[in-house]
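Down below is the structure, laid out as structure tokens.
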Amino acid sequence: MGVLLDVRLGDRLEDLSVLVVVARRPGDVRGEGARHLDAVSKAASSPDARLSALTPDATAGLTRATLGGHADGAFCREVWAVTAGNPYETVELLAKVQDTELEPVESSAAELRALNRSARGGGLVARLEGLGIEATRFAWAAAILGAGITVDQVARLATMSPEDALRCAELLCNARILTAPDLAARTGGEGELEFVHPLIATAVYNSIPPALCTAMHGIAARVVTDSGRGAAAASRHLLEVHPDDDVELVAQLRDAAREHLAVGAPDGARRCLERALREPPRPEIHPHVLYELGCATLLTSPAVTIGHLRNALALPGLDGDERVDAVYRLSQALLHNNQLEEAVRTVEAEAARHESGPARMRLQAVQFMWEGLYAGENTTPGRSERLAELARTCTGRDNSERALLILRGFDAMVRGENAEEVAEVCDRVLVNGRLAPGLGWTDPEWGIELLMMLANAYAFADRLDRAEALYNEALRAYESAGWLGGHLALAHAYVGVGHRRRGRLREAEKSLRESLRLAERVGRGLPLYWSATCNLVDTLLARGQVAEAWEVAEQYDFAPPYPSTIVLPDPRSVRGRLLLAMGRTKDGINELEAAEKAAAARGHLNPVLVPWAADLARALATEDPARAAQLATDLRRNAERFGTDTAIGEALRCAAALETGQRAVRLAAQAVTYLEASPCQYEHAAARIEYGIAARSTTELHRGLSLARQCGADGLVSQAEQLLASGVAPD
């Protein structure tokens, strides 16, 4: 758990007055744990310090400090040779020398190898057995229970009296197998015991006969539960018990899974539920275990989740709200596995089974939600009109109404309807400016997608304060809950979107790279992976890092075919801009025209969300000026319909780029006026520099340069500096 905490804190350590120290043995941790440790290592401000073995001189110093200054050189050299400078083995060997009263002189050096063997491995086990049957049984029980144990707990597992247990504990402490400060002064068996070294614990555990070890784990689970440490703490013992058609064990594992999920440990929940299936559960319980397993793996492994939930729904037993929730979660997993059409069909079919009521309304809202995220050209006829009609009478009195309002607000935003109306609809969702109870980021009923639609409706309607508050709240919620899969990846991605919209390009790049790192663990090519990649490419282009943007696009397959869900901003538009920046003008024009066609088919007319028009107009300015002018006119009309300062300012920038002389100057000046009022500072910086070029104004170039530096827009900085150095005419 410490490693998980360090991973979550890694990116924030620079802001905290804390020291995090992590030590590991090479090859000691594998799999997910190794990746967590690597993440902690990367977050460190200084390189890893690799501890080396003790040198012969250091070993000699330790030997004389322990045994006395009279230890001769030959004896000290043999200590080093026997232990190879391993600090733990050196300390243990010197302790054995003291215990046996061996003289530290050259004539005794030959005995050191035998002493070293008795201090570890097979020798340790033989030494343990030499302490007697009861002491061995006590040590076995301690090894089974692991860390954080007391004499009383070990006594219960070893089935011995408190007096015998205390005697065994003292024996094992004197033999340097266990350690516990001031053991003799303890009363009531309180206080923790631990092994002197993890290697000793491992050696003792491995010496337990397999059948006895399994049986002891079963008893240990009861000991841990009775001590009040909860089902999750007992689960590691339950996982070791042989399947035996035990109804109680299945119930305990389900309880443990719930506890694991509550503290953000879905992998622990998954292991418990997979083990419960092997017990196996009773037929009437089986679908519930499958359903819970699907919930545990939801956005860490969508494909696996689909299998579990389909199996659960195919069995009799899931009814009522639980069945509705299973269908919703199955559709959610299908969405994140790039199977959106099947997700829509799944909820549509289930909705048809229900009469009018809350369950049917929820399923219909989910259907509207998935249809709203569909990126294909086959739209549902009249969907937007029906959604607008349903939302018109909603006041936000309950979460079903709030869900419909979010869907309506998002739909209006992507269609480029009036941004003031978009914000008004979204505001009706909030309660005193905050998300309503039951509609939080970790609440299970509606999921992350709905709330991201709300945040994005605000973001692309120039209400960035509200959007960023929601994005950051999501990130805090998932970090606090320990959700390390798709939820956290999406939260980082959209925190990056907020930074990008604000013009904080360095911060945007950092958040998006972290999102991409997390998304890769869930699966390449999935929608959340596209969100991270598309926005990272867009941010790198804004920074002027064209070659790096292309490298990211190539490395992470940012190219057709595109996902079945919409990605914000439009990936075709972003890829078209990338191709133009790379000098592949024809390919860029083709990509932007494909974006135009897809946007028209979907009715996506928001020029900020689907920004193909401005880039296509500029690309066609020389080859087809008439079409470029028409594109600029249409763009301005759509921008004014939407009505945000950003949309209108960007349309004016495009119009100015197609003009010359004083008309270009006037349009560029108007673009600056709008974008100065916009929250999007990168676009403002670009407009200032373009106005400076059109008006031949060093003042405007300096203003644009200052803004570009604040944004981290290296390309704009370089452009402005070169223009100023070349001697643009003064105002």
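A note on labels: chains of the structure tokens are A, B, ... as shown, every chain counts residues from 1, and ligands are counted from 1 in their shown order.
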
message: Can you tell me which residues surround Phe138 (chain A) at a distance of at most 9 Å, considering only C-alpha atoms, apart from same-chain residues fewer than 4 positions away, and format the answer as number ranges by chain?
response: A: 133-134, 142-143, 154-155, 157-160, 165, 168-169, 172

- request: List the neighbours of region 476-493 of chain A out to 9 Å using only C-alpha atoms; skip same-chain residues closer than 2 positions along the sequence, and give me the result as a PyMOL selection string.
  value: chain A and resi 4-5+8-9+261-266+298-301+336+440-442+448+452+471-474+495-498+508+511-519+521-522+528-529+531-533+535-536

- request: Give the alpha helix (DSSP H) residues of region 474-644 of chain A, as assigned by DSSP on the backbone, as a VMD selection string.
  value: chain A and resid 474 to 481 486 to 502 505 to 522 527 to 543 546 to 555 571 to 581 585 to 602 612 to 620 625 to 642

message: What's around Arg113 (chain A) at 10 Å? Count only C-alpha atoms, leave out sequence neighbours fewer than 3 positions away in its own chain, and write the answer as a ChimeraX atom specification.
response: /A:78-79,81-83,93,109-110,116-118

query: Any idea what's packed within 9 Å of Leu238 (chain A), counting only C-alpha atoms, ignoring anything in its chain fewer than 6 positions away? Could you give it as an MDAnalysis selection string?
result: chainID A and resid 217:218 220:221 249 252:253 272 275

Those same residues - C-alpha atoms - I'd like them written as a PDB file, in the first residue's frame.
ATOM      1  CA  HIS A 217      -4.178 -19.905   6.309  1.00  0.00           C
ATOM      2  CA  GLY A 218      -7.806 -20.925   6.792  1.00  0.00           C
ATOM      3  CA  ALA A 220      -5.501 -17.301  10.141  1.00  0.00           C
ATOM      4  CA  ALA A 221      -8.404 -15.744   8.231  1.00  0.00           C
ATOM      5  CA  LEU A 249     -15.946 -18.375   2.343  1.00  0.00           C
ATOM      6  CA  GLN A 252     -16.216 -13.462   3.109  1.00  0.00           C
ATOM      7  CA  LEU A 253     -14.457 -12.998  -0.227  1.00  0.00           C
ATOM      8  CA  CYS A 272     -11.035 -12.126  -4.229  1.00  0.00           C
ATOM      9  CA  ARG A 275     -11.185 -16.950  -6.103  1.00  0.00           C
TER      10      ARG A 275
END

query: In Å, how far is it from CA of Arg310 (chain A) to CA of Glu279 (chain A)?
result: 20.5 Å
